[in-house]
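J.: Dropping in work.cif, which is mmCIF, C-alpha atoms:
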data_entry
loop_
_atom_site.label_atom_id
_atom_site.label_comp_id
_atom_site.auth_asym_id
_atom_site.auth_seq_id
_atom_site.Cartn_x
_atom_site.Cartn_y
_atom_site.Cartn_z
CA MET G 1 -13.04 5.03 9.57
CA ALA G 2 -12.46 2.10 7.27
CA THR G 3 -12.56 -1.19 9.10
CA LEU G 4 -9.15 -2.84 9.04
CA LEU G 5 -8.55 -6.56 8.57
CA SER G 6 -5.65 -8.63 9.78
CA ILE G 7 -5.13 -12.35 9.17
CA LYS G 8 -3.83 -14.66 11.85
CA CYS G 9 -2.93 -18.35 11.94
CA ASN G 10 -2.93 -20.57 14.99
CA LEU G 11 0.48 -22.13 15.61
CA VAL G 12 -0.08 -23.65 19.03
CA ASP G 13 -3.52 -24.97 19.98
CA ALA G 14 -6.43 -24.91 17.52
CA ASP G 15 -8.93 -25.25 20.36
CA VAL G 16 -8.01 -21.77 21.60
CA PRO G 17 -9.53 -18.62 20.09
CA TYR G 18 -7.64 -15.38 19.57
CA ASN G 19 -9.86 -13.53 22.01
CA ASP G 20 -12.20 -14.95 24.61
CA VAL G 21 -15.27 -16.58 23.09
CA GLY G 22 -17.92 -17.28 25.70
CA ILE G 23 -16.48 -19.72 28.18
CA ILE G 24 -13.46 -20.51 26.00
CA GLU G 25 -10.41 -18.66 27.12
CA GLY G 26 -8.46 -16.99 24.33
CA ASN G 27 -4.74 -16.62 23.92
CA GLN G 28 -3.42 -14.18 21.34
CA ALA G 29 0.08 -15.60 21.77
CA ASP G 30 -1.06 -18.80 20.05
CA TYR G 31 -1.39 -16.87 16.79
CA ILE G 32 0.90 -15.28 14.24
CA THR G 33 -0.33 -12.20 12.40
CA LEU G 34 0.55 -12.57 8.74
CA ASP G 35 2.66 -9.88 7.17
CA LEU G 36 0.82 -10.22 3.88
CA VAL G 37 3.52 -8.45 1.90
CA HIS G 38 6.20 -11.00 2.82
CA ASP G 39 4.62 -14.02 4.50
CA TYR G 40 2.69 -16.68 2.65
CA LEU G 41 1.06 -20.07 3.15
CA ILE G 42 2.65 -23.27 1.84
CA TRP G 43 0.56 -26.39 1.25
CA SER G 44 2.84 -29.41 1.41
CA GLU G 45 3.11 -33.13 2.02
CA ASP G 46 5.63 -33.06 4.84
CA LEU G 47 7.71 -29.93 4.70
CA GLU G 48 9.32 -29.33 8.07
CA ALA G 49 8.40 -26.56 10.41
CA HIS G 50 11.29 -24.47 11.71
CA LEU G 51 13.20 -24.41 8.43
CA ASN G 52 15.62 -21.54 8.66
CA HIS G 53 15.85 -20.84 4.96
CA ASP G 54 13.54 -19.99 2.10
CA PRO G 55 11.81 -23.36 1.50
CA ILE G 56 11.18 -22.94 -2.24
CA ASN G 57 13.92 -25.41 -3.20
CA ASP G 58 12.55 -28.03 -0.80
CA LEU G 59 9.09 -28.13 -2.26
CA ASN G 60 9.82 -30.70 -4.99
CA GLU G 61 11.09 -33.14 -2.39
CA HIS G 62 7.96 -32.67 -0.34
CA ALA G 63 5.38 -32.56 -3.10
CA VAL G 64 1.98 -34.07 -2.49
CA VAL G 65 1.49 -37.40 -4.30
CA ILE G 66 -1.88 -37.96 -5.97
CA ASP G 67 -3.56 -41.01 -4.49
CA ASP G 68 -4.97 -43.59 -6.92
CA ASP G 69 -7.32 -45.05 -4.35
CA ALA G 70 -8.72 -42.12 -2.38
CA GLU G 71 -8.99 -38.36 -2.36
CA LYS G 72 -5.97 -36.75 -0.80
CA LEU G 73 -6.08 -34.04 1.82
CA VAL G 74 -2.87 -32.06 1.57
CA PRO G 75 -1.56 -32.80 5.04
CA GLU G 76 0.30 -29.65 5.98
CA CYS G 77 -0.07 -25.91 5.76
CA LEU G 78 2.89 -23.83 6.84
CA VAL G 79 3.37 -20.13 7.26
CA PHE G 80 6.50 -18.85 5.64
CA ASP G 81 7.36 -16.20 8.19
CA TYR G 82 9.69 -13.73 6.55
CA SER G 83 10.45 -11.85 9.73
CA GLY G 84 10.69 -14.87 11.96
CA ASP G 85 13.94 -15.55 13.71
CA TRP G 86 15.26 -19.08 14.02
CA ASP G 87 18.94 -19.63 14.69
CA GLY G 88 19.64 -16.09 13.59
CA SER G 89 18.02 -16.53 10.20
CA ASN G 90 15.35 -14.23 8.83
CA TYR G 91 13.41 -17.17 7.42
CA TYR G 92 11.21 -19.37 9.47
CA THR G 93 8.51 -21.88 8.53
CA GLN G 94 5.82 -22.62 11.07
CA LEU G 95 3.14 -25.28 10.99
CA VAL G 96 -0.47 -24.11 11.12
CA LYS G 97 -2.21 -26.19 13.77
CA GLY G 98 -5.54 -27.86 13.06
CA MET G 99 -5.61 -27.31 9.29
CA GLY G 100 -8.04 -29.82 7.74
CA GLU G 101 -8.90 -31.28 11.13
CA ASN G 102 -12.02 -31.03 13.25
CA LYS G 103 -10.68 -27.81 14.72
CA ARG G 104 -12.33 -24.46 15.05
CA PHE G 105 -9.65 -21.81 15.67
CA VAL G 106 -7.21 -22.26 12.80
CA PHE G 107 -7.40 -19.34 10.36
CA CYS G 108 -8.51 -16.14 12.07
CA PHE G 109 -9.83 -13.00 10.41
CA SER G 110 -9.64 -10.07 12.79
CA PHE G 111 -11.54 -6.82 12.20
CA ASP G 112 -11.01 -3.65 14.17
CA GLY G 113 -14.59 -2.46 13.82
CA ALA G 114 -18.01 -3.09 12.33
CA THR G 115 -18.65 -4.17 8.76
CA ALA G 116 -21.54 -3.10 6.55
CA ASN G 117 -22.36 -6.68 5.55
CA GLU G 118 -20.89 -10.12 6.11
CA PRO G 119 -17.24 -10.60 5.15
CA GLN G 120 -16.56 -13.50 2.82
CA LEU G 121 -13.64 -15.61 1.63
CA GLU G 122 -13.07 -16.26 -2.07
CA ALA G 123 -10.51 -18.09 -4.22
CA TRP G 124 -9.25 -16.94 -7.64
CA ASP G 125 -6.56 -17.78 -10.18
CA ASP G 126 -4.73 -14.52 -9.56
CA SER G 127 -5.06 -11.03 -8.19
CA ASP G 128 -7.29 -9.94 -11.09
CA HIS G 129 -10.16 -11.82 -9.42
CA ASP G 130 -11.79 -12.64 -12.73
CA SER G 131 -11.03 -16.32 -13.42
CA TYR G 132 -10.86 -19.77 -11.81
CA ALA G 133 -9.42 -21.86 -14.60
CA LYS G 134 -6.63 -23.57 -12.69
CA HIS G 135 -6.94 -27.22 -11.82
CA VAL G 136 -6.76 -26.44 -8.11
CA LEU G 137 -9.89 -24.30 -8.53
CA GLY G 138 -11.81 -26.86 -10.56
CA ALA G 139 -10.53 -25.93 -14.03
CA GLY G 140 -13.51 -23.68 -14.69
CA ARG G 141 -15.99 -25.71 -12.68
CA PRO G 142 -16.00 -24.10 -9.24
CA ALA G 143 -17.91 -26.97 -7.68
CA ASN G 144 -14.84 -29.10 -8.43
CA SER G 145 -12.42 -26.78 -6.67
CA MET G 146 -9.85 -28.54 -4.50
CA VAL G 147 -9.88 -25.63 -2.07
CA LYS G 148 -12.30 -26.59 0.68
CA VAL G 149 -13.36 -24.13 3.35
CA VAL G 150 -15.70 -24.22 6.31
CA CYS G 151 -16.68 -21.31 8.52
CA THR G 152 -15.87 -22.17 12.11
CA THR G 153 -16.84 -18.92 13.80
CA GLY G 154 -19.69 -20.63 15.67
CA VAL G 155 -18.76 -24.28 15.96
CA ALA G 156 -16.10 -26.83 15.05
CA PRO G 157 -16.53 -28.31 11.57
CA ALA G 158 -16.89 -32.07 12.40
CA THR G 159 -14.60 -34.92 11.46
CA ASN G 160 -13.60 -35.24 7.81
CA TRP G 161 -15.27 -31.94 6.98
CA ALA G 162 -12.94 -31.38 4.02
CA LEU G 163 -13.57 -34.73 2.32
CA SER G 164 -16.46 -35.62 0.03
CA GLY G 165 -19.73 -35.54 1.89
CA GLY G 166 -18.33 -33.24 4.58
CA ALA G 167 -19.42 -29.73 5.43
CA GLY G 168 -16.56 -28.07 3.56
CA ILE G 169 -17.48 -25.90 0.60
CA ALA G 170 -15.43 -26.01 -2.60
CA ILE G 171 -14.69 -22.35 -3.27
CA ALA G 172 -13.75 -20.66 -6.54
CA GLY G 173 -14.90 -17.36 -7.98
CA SER G 174 -17.66 -15.30 -6.42
CA GLY G 175 -20.82 -17.33 -7.07
CA ALA G 176 -23.08 -17.32 -4.03
CA THR G 177 -22.58 -21.04 -3.39
CA ARG G 178 -18.81 -20.98 -4.06
CA ILE G 179 -17.70 -18.50 -1.44
CA ILE G 180 -17.78 -18.83 2.31
CA LYS G 181 -19.47 -16.30 4.57
CA LEU G 182 -17.22 -15.80 7.56
CA ASN G 183 -19.85 -15.02 10.18
CA ASP G 184 -21.82 -18.26 9.77
CA GLY G 185 -24.35 -16.45 7.60
CA ASN G 186 -25.35 -14.19 10.47
CA GLY G 187 -24.67 -11.00 8.54
CA ALA G 188 -22.59 -7.95 9.27
CA LEU G 189 -20.16 -7.67 12.16
CA ASP G 190 -21.56 -5.28 14.74
CA ASP G 191 -19.79 -2.44 16.50
CA LEU G 192 -17.08 -3.49 18.93
CA ALA G 193 -18.17 -3.90 22.52
CA THR G 194 -16.79 -1.43 25.04
CA GLY G 195 -13.15 -2.16 25.77
CA GLU G 196 -12.65 -4.43 22.76
CA THR G 197 -10.15 -3.54 20.06
CA SER G 198 -11.04 -6.25 17.55
CA GLN G 199 -13.52 -8.98 16.74
CA GLU G 200 -12.63 -12.27 15.12
CA VAL G 201 -14.24 -14.72 12.74
CA TYR G 202 -12.71 -18.08 11.84
CA ALA G 203 -12.42 -20.61 9.05
CA ASN G 204 -10.65 -23.86 8.41
CA ILE G 205 -9.12 -24.13 4.95
CA ALA G 206 -7.85 -27.28 3.24
CA VAL G 207 -6.77 -28.48 -0.18
CA VAL G 208 -8.16 -31.85 -1.23
CA ILE G 209 -7.00 -33.53 -4.46
CA PRO G 210 -9.57 -35.86 -6.05
CA GLN G 211 -8.81 -39.56 -6.25
CA ALA G 212 -6.52 -40.42 -9.19
CA TYR G 213 -6.65 -36.84 -10.48
CA ALA G 214 -5.26 -37.04 -13.99
CA THR G 215 -3.29 -33.80 -14.19
CA PRO G 216 -0.35 -33.31 -11.86
CA ALA G 217 0.51 -29.66 -11.50
CA VAL G 218 2.20 -27.07 -9.39
CA GLU G 219 -0.31 -24.27 -9.05
CA SER G 220 -0.82 -21.28 -6.87
CA PHE G 221 -4.14 -19.65 -6.16
CA ILE G 222 -5.29 -16.49 -4.49
CA LEU G 223 -7.35 -16.38 -1.33
CA THR G 224 -9.08 -13.06 -0.85
CA VAL G 225 -11.32 -11.58 1.81
CA ARG G 226 -14.13 -9.31 0.62
CA TYR G 227 -15.42 -6.97 3.30
CA THR G 228 -17.17 -3.67 3.71
CA TRP G 229 -17.60 -0.60 5.87
CA ASN G 230 -19.99 2.30 5.98
CA MET V 1 -6.21 21.72 -4.68
CA ILE V 2 -9.51 21.40 -2.85
CA LYS V 3 -10.45 17.79 -2.18
CA ARG V 4 -14.03 16.91 -3.06
CA PRO V 5 -16.01 15.30 -0.30
CA LEU V 6 -17.27 11.78 -1.03
CA PHE V 7 -20.83 12.98 -0.64
CA ILE V 8 -22.73 16.11 0.22
CA LEU V 9 -26.06 15.96 2.02
CA VAL V 10 -28.78 18.53 2.22
CA LEU V 11 -30.61 17.80 5.46
CA GLU V 12 -34.25 18.55 6.21
CA ASP V 13 -33.39 21.85 7.91
CA GLU V 14 -31.42 22.88 4.78
CA SER V 15 -28.12 22.44 6.62
CA ILE V 16 -25.27 20.81 4.73
CA PHE V 17 -23.26 17.76 5.81
CA SER V 18 -20.11 16.86 3.87
CA GLY V 19 -18.69 13.36 3.79
CA GLY V 20 -15.00 12.47 3.96
CA ASP V 21 -13.15 10.06 1.70
CA PHE V 22 -13.24 6.33 1.04
CA GLN V 23 -11.18 5.53 4.12
CA ASN V 24 -13.09 7.81 6.45
CA THR V 25 -16.46 8.35 4.85
CA LYS V 26 -18.06 10.04 7.89
CA TRP V 27 -21.32 8.25 7.06
CA ASN V 28 -21.76 7.20 10.68
CA GLU V 29 -21.30 10.82 11.77
CA ILE V 30 -24.43 12.02 9.98
CA PRO V 31 -26.76 13.42 12.64
CA ASP V 32 -29.45 10.84 13.41
CA ASN V 33 -31.97 13.50 14.32
CA LYS V 34 -32.12 15.08 10.86
CA LYS V 35 -33.64 13.45 7.83
CA ILE V 36 -31.70 13.52 4.57
CA LYS V 37 -33.48 15.62 1.97
CA ARG V 38 -31.04 15.27 -0.92
CA LEU V 39 -27.78 13.38 -1.46
CA PHE V 40 -25.02 14.17 -3.94
CA TYR V 41 -22.50 11.34 -4.34
CA SER V 42 -19.16 12.10 -5.93
CA LEU V 43 -18.39 9.84 -8.89
CA PRO V 44 -14.91 8.93 -10.17
CA ASN V 45 -15.47 11.06 -13.31
CA LYS V 46 -16.13 14.13 -11.10
CA ASP V 47 -19.88 14.10 -11.76
CA TYR V 48 -22.34 13.79 -8.91
CA LEU V 49 -25.07 11.20 -8.57
CA CYS V 50 -28.09 12.89 -6.97
CA LEU V 51 -30.69 10.98 -4.96
CA GLU V 52 -33.72 12.51 -3.30
CA GLY V 53 -37.22 11.58 -2.26
CA TYR V 54 -36.29 8.45 -0.32
CA ASP V 55 -37.22 7.68 3.27
CA LYS V 56 -33.76 6.37 4.20
CA TYR V 57 -30.32 6.18 2.64
CA TYR V 58 -27.42 3.76 2.98
CA HIS V 59 -23.80 3.81 1.94
CA LEU V 60 -21.05 1.22 1.96
CA ILE V 61 -17.59 0.65 0.55
CA GLU V 62 -16.57 -2.86 -0.57
CA ALA V 63 -12.90 -3.82 -0.51
CA THR V 64 -10.78 -6.93 -0.97
CA THR V 65 -7.52 -8.00 0.57
CA ASP V 66 -5.55 -10.89 -0.91
CA LEU V 67 -3.75 -13.31 1.39
CA ASN V 68 -1.09 -13.99 -1.23
CA GLY V 69 -0.01 -13.04 -4.73
CA LYS V 70 1.42 -9.87 -6.21
CA LEU V 71 -1.08 -7.57 -4.48
CA SER V 72 -1.11 -9.45 -1.20
CA GLY V 73 -2.02 -7.32 1.78
CA LYS V 74 -3.23 -4.31 -0.18
CA VAL V 75 -6.70 -3.01 0.58
CA ARG V 76 -8.28 -2.68 -2.83
CA LEU V 77 -11.42 -0.59 -3.08
CA GLU V 78 -13.80 -2.52 -5.35
CA PHE V 79 -17.22 -0.83 -5.25
CA ALA V 80 -19.14 1.95 -3.56
CA TYR V 81 -22.84 1.42 -2.99
CA ILE V 82 -25.41 4.11 -2.41
CA LEU V 83 -28.93 2.99 -1.63
CA GLY V 84 -32.27 4.75 -1.29
CA ARG V 85 -35.21 3.17 0.49
CA ARG V 86 -38.85 4.01 -0.10
CA GLU V 87 -41.20 1.83 2.00
CA ASP V 88 -40.06 -1.77 1.30
CA LYS V 89 -38.37 -1.01 -2.04
CA ILE V 90 -34.69 -0.22 -2.23
CA THR V 91 -32.84 1.24 -5.19
CA CYS V 92 -29.11 0.46 -5.22
CA TYR V 93 -26.42 2.20 -7.25
CA LYS V 94 -23.22 0.14 -7.40
CA ILE V 95 -20.25 2.22 -8.52
CA THR V 96 -17.10 0.50 -9.78
CA LEU V 97 -13.90 1.74 -8.16
CA GLN V 98 -11.46 -0.78 -9.64
CA SER V 99 -10.86 -1.37 -13.34
CA LYS V 100 -10.75 -4.97 -14.49
CA GLU V 101 -11.15 -6.82 -17.75
CA ASN V 102 -14.95 -6.69 -17.62
CA GLN V 103 -15.47 -3.47 -15.66
CA LYS V 104 -14.30 0.13 -15.76
CA ILE V 105 -13.90 2.66 -13.01
CA GLY V 106 -17.03 4.73 -12.75
CA ASN V 107 -19.43 2.16 -14.16
CA ILE V 108 -22.77 2.34 -12.38
CA GLU V 109 -25.15 -0.59 -12.01
CA ARG V 110 -28.67 0.16 -10.81
CA THR V 111 -30.59 -2.64 -9.08
CA GLU V 112 -33.99 -2.69 -7.39
CA TYR V 113 -34.29 -4.77 -4.22
CA ASN V 114 -36.99 -5.74 -1.77
CA GLU V 115 -36.21 -5.43 1.91
CA THR V 116 -36.30 -9.23 2.22
CA ASP V 117 -33.55 -9.76 -0.37
CA SER V 118 -30.46 -11.20 1.26
CA PHE V 119 -28.22 -8.33 0.16
CA ILE V 120 -30.50 -5.90 2.00
CA SER V 121 -31.32 -8.01 5.05
CA GLY V 122 -27.62 -8.79 5.51
CA LEU V 123 -26.70 -5.12 5.87
CA ASN V 124 -25.78 -3.61 9.21
CA GLN V 125 -29.18 -2.00 9.82
CA LYS V 126 -27.82 0.69 12.14
CA ALA V 127 -26.28 2.57 9.21
CA TRP V 128 -29.57 3.48 7.50
CA LYS V 129 -29.84 7.26 7.67
#
Have the structure of the file written as C-alpha cells, please.
T.:
Amino acid sequence: MATLLSIKCNLVDADVPYNDVGIIEGNQADYITLDLVHDYLIWSEDLEAHLNHDPINDLNEHAVVIDDDAEKLVPECLVFDYSGDWDGSNYYTQLVKGMGENKRFVFCFSFDGATANEPQLEAWDDSDHDSYAKHVLGAGRPANSMVKVVCTTGVAPATNWALSGGAGIAIAGSGATRIIKLNDGNGALDDLATGETSQEVYANIAVVIPQAYATPAVESFILTVRYTWN
Amino acid sequence: MIKRPLFILVLEDESIFSGGDFQNTKWNEIPDNKKIKRLFYSLPNKDYLCLEGYDKYYHLIEATTDLNGKLSGKVRLEFAYILGRREDKITCYKITLQSKENQKIGNIERTEYNETDSFISGLNQKAWK
C-alpha cells in the first residue's frame, strides 16, 4: 500500500519525541496532528497563543519588523487549529514549541510504512512547485531563501542554527543543496518494526529575515514533503 | 470497465503476475523466488513500456503533500519510476504523472545510472526484484 504521511507539531516540550527514540521517552500527547485542509502555520512577531478567533485580522498588529542592525529570526510559529476548541470557539491558535531554537522534536513527519528513498522537505512559491521568485524564498536565488531548515531526526541542531553560519539550510526549489533530506541523509525509511504503527523523522523550521532587508512584504510560501513508496 | 493493472510481469516460469494501482502497487508482493523475465508497465496514454533482459527490476511512486496552500493535504502523484539493472548499470524510466508548466502527463525521461549514484544507493534495496 502507499505509505501515508501525517504532519505533527510539538506544542508542549520540544525535547520529547512523538514515539520513543532510544532512551528518550516519547509522548504523542505533546503533539498536534495537522488537519492540512483547514489548519495552517502562522509565522509572527508576537501573536498570542489561545486566540479563539480567526487571527487573520491580528496579523498586521503583530507583523515582524525588519531589523536594521541584525538578521531577524521570526520569533513565533503558531498552528491555526481549525477544529480546536477554546472557550467554545472553533478557532484556536497554539504556539509551536522549540521553533528556531536548539530543539530537536519540533516539526514531526510521521510515516505509516517504508519509503522507497529518503523523504525530503522543499519550499516553493505556490502549489505548482515550479518557481521560487518570492522574497521569502530568495527572489530567485534559493541560497538567499529566508526559510531555514535543519533535519533533527538524529540530533539537536545546535544554538543559533538558523542564523548565518549555523547548520540551517536555506531551502527553495528542488536543487540538491536547497532541499532538506529528512532522515539525516541515511536514505529510505525501512519497514516498520513489529508492533509499530508509524515511524517519525523531524526537522526544525525557521524564517530568518536578512539584516536591513530592503523590501517589506507579506508573503506566503508552500512547504511540501516529497516522498515515495514501492 | 476493466481496470488495467499498473504492470504485468512474465516470470521465469512463464507465470503472470499483475500489479495493482498507484496506491497499492503490489510490487512488494511479487514472489521473491521467481525471476522477472519481462515487464510491461502501463503508461498514462494506455501504451505499455516493456523492459526485459535485466537482472533486477525496481519500481517506485513519487508523491508530494503540501503543508499549506490551495492543495494542502492532498497526496499528489508526481512520477513513477521503473528501473532495470544489468550488473552495475541501471536504466531508469521516469514517467510524469502530474502536468505542470514544463511537463506533461506521460512524458518519459530515460537516464542511465551507476550503482554508486546517490539516487540508486539511496533506494530501499529490499525492493529490487
J.: Could the residues of chain V that have an atom at most 6 Å from chain G be listed as a Markdown table, each with its closest atom pair and the distance in Å to one decimal, counting all atoms listed in the file and ordered by chain and ascending residue number?
T.:
| residue | atom | partner | partner_atom | distance |
| --- | --- | --- | --- | --- |
| V:Gln23 | CA | G:Ala2 | CA | 4.8 |
| V:Asn24 | CA | G:Met1 | CA | 4.2 |
| V:His59 | CA | G:Asn230 | CA | 5.8 |
| V:Leu60 | CA | G:Asn230 | CA | 4.3 |
| V:Ile61 | CA | G:Thr228 | CA | 5.4 |
| V:Glu62 | CA | G:Thr228 | CA | 4.4 |
| V:Ala63 | CA | G:Tyr227 | CA | 5.5 |
| V:Thr64 | CA | G:Arg226 | CA | 4.4 |
| V:Thr65 | CA | G:Val225 | CA | 5.4 |
| V:Asp66 | CA | G:Thr224 | CA | 4.1 |
| V:Leu67 | CA | G:Leu223 | CA | 5.5 |
| V:Asn68 | CA | G:Ile222 | CA | 5.9 |
| V:Ser72 | CA | G:Leu36 | CA | 5.5 |
| V:Gly73 | CA | G:Leu36 | CA | 4.6 |
| V:Gly122 | CA | G:Gly187 | CA | 4.8 |
| V:Leu123 | CA | G:Asn117 | CA | 4.6 |
| V:Asn124 | CA | G:Ala116 | CA | 5.0 |
J.: Env of segment 41-53 of chain V: 7 Å cut, atoms = only C-alpha atoms, seq-sep filter 5 positions within chain, self excluded. Answer as a ChimeraX atom specification.
T.: /V:6-8,105-106
J.: Given the file shown, determine the residues that the PyMOL selection byres ((chain G and resi 180) around 8) selects; report them as a list in words.
T.: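 Answer for the PyMOL selection byres ((chain G and resi 180) around 8): Gln120, Leu121, Glu122, Val149, Val150, Cys151, Ile169, Ile171, Thr177, Arg178, Ile179, Lys181 and Leu182 of chain G.
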J.: Considering all atoms listed in the file, can you say which of G:Asn57, G:Asp46, G:His62, G:Arg104 comes closest to Ile24 of chain G?
T.: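 Of G:Asn57, G:Asp46, G:His62, G:Arg104, the one nearest Ile24 of chain G is G:Arg104, counting all atoms listed in the file.
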J.: What separation in Å, quoted to one decimal, exists between atom CA of Thr197 of chain G and atom CA of Arg76 of chain V?
T.: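 Atom CA of Thr197 of chain G sits 23.0 Å away from atom CA of Arg76 of chain V.
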J.: Enclose the full set of atoms of segment 66-77 of chain G listed in the file within a box whose edges lie along x, y and z, apply 5 Å of padding to each of the six sides, and report centre and edge lengths in Å to one decimal as AutoDock Vina command-line options.
T.:
--center_x -4.3 --center_y -35.5 --center_z -0.5 --size_x 19.3 --size_y 29.1 --size_z 22.9
J.: For the file shown, what are the residues hit by the PyMOL selection byres ((chain G and resi 80) around 10), laid out as a PyMOL selection string?
T.: chain G and resi 34-35+38-42+49-55+77-79+81-84+91-95
J.: The residues within 10 Å of (-17.8, 12.5, 4.5), using only C-alpha atoms and the coordinates of the file, should be reported as number ranges by chain; which are they?
T.: V: 4-9, 17-30
J.: Evaluate the PyMOL selection byres ((chain V and resi 129) around 6) here and jot the selected residues down as an NGL selection string.
T.: :V and (56-57 or 128)
J.: For each of G:Ser198, G:Asn10, G:Thr159, G:Asn204, take the minimum atom-to-atom distance to Asp30 of chain G, counting all atoms listed in the file, then give the residue where this is smallest.
T.: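 Of the candidates, the smallest distance to Asp30 of chain G is held by G:Asn10.
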J.: Hey, can you check how far atom CA of Ala133 of chain G sits from atom CA of Gly173 of chain G?
T.: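 Here the two named atoms are 9.7 Å from each other.
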J.: Just the residues within 12 Å of Glu112 of chain V, please, counting all atoms listed in the file, with nothing from its chain fewer than 3 positions along; format it as number ranges by chain.
T.: V: 83-86, 88-94, 109, 115-117, 119-120
J.: With C-alpha atoms kept, could you save the residues just selected as an mmCIF file, in the coordinates of the input?
T.:
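Printed below is part04.cif as written:
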data_model
loop_
_atom_site.group_PDB
_atom_site.id
_atom_site.type_symbol
_atom_site.label_atom_id
_atom_site.label_comp_id
_atom_site.auth_asym_id
_atom_site.auth_seq_id
_atom_site.Cartn_x
_atom_site.Cartn_y
_atom_site.Cartn_z
ATOM 1 C CA LEU V 83 -28.930 2.990 -1.630
ATOM 2 C CA GLY V 84 -32.270 4.750 -1.290
ATOM 3 C CA ARG V 85 -35.210 3.170 0.490
ATOM 4 C CA ARG V 86 -38.850 4.010 -0.100
ATOM 5 C CA ASP V 88 -40.060 -1.770 1.300
ATOM 6 C CA LYS V 89 -38.370 -1.010 -2.040
ATOM 7 C CA ILE V 90 -34.690 -0.220 -2.230
ATOM 8 C CA THR V 91 -32.840 1.240 -5.190
ATOM 9 C CA CYS V 92 -29.110 0.460 -5.220
ATOM 10 C CA TYR V 93 -26.420 2.200 -7.250
ATOM 11 C CA LYS V 94 -23.220 0.140 -7.400
ATOM 12 C CA GLU V 109 -25.150 -0.590 -12.010
ATOM 13 C CA GLU V 115 -36.210 -5.430 1.910
ATOM 14 C CA THR V 116 -36.300 -9.230 2.220
ATOM 15 C CA ASP V 117 -33.550 -9.760 -0.370
ATOM 16 C CA PHE V 119 -28.220 -8.330 0.160
ATOM 17 C CA ILE V 120 -30.500 -5.900 2.000
#
J.: Tell me, in Å to one decimal, how far atom CA of Ser44 of chain G is from atom CA of Leu59 of chain G.
T.: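 So the two atoms, atom CA of Ser44 of chain G and atom CA of Leu59 of chain G, lie 7.4 Å apart.
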J.: Which residues are close to Trp43 of chain G, i.e. within 9 Å by only C-alpha atoms, leaving aside same-chain residues fewer than 6 positions away? Reply as a list in words.
T.: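 Non-adjacent residues within range: Ala63, Val64, Val74, Pro75, Glu76, Cys77, Leu78, Ala206 and Val207 of chain G.
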J.: Kindly indicate which residue among V:Tyr113, V:Val75, V:Ser121, V:Ile82 lies nearest to Tyr58 of chain V, using only C-alpha atoms for the distances.
T.: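 Residue with the minimum atom-to-atom distance to Tyr58 of chain V: V:Ile82.
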J.: Please provide as a ChimeraX atom specification all residues within 12 Å of segment 66-70 of chain G, with the sequence filter that same-chain residues fewer than 2 positions apart are discarded (counting all atoms listed in the file).
T.: /G:45,63-64,72-74,163-164,208-217
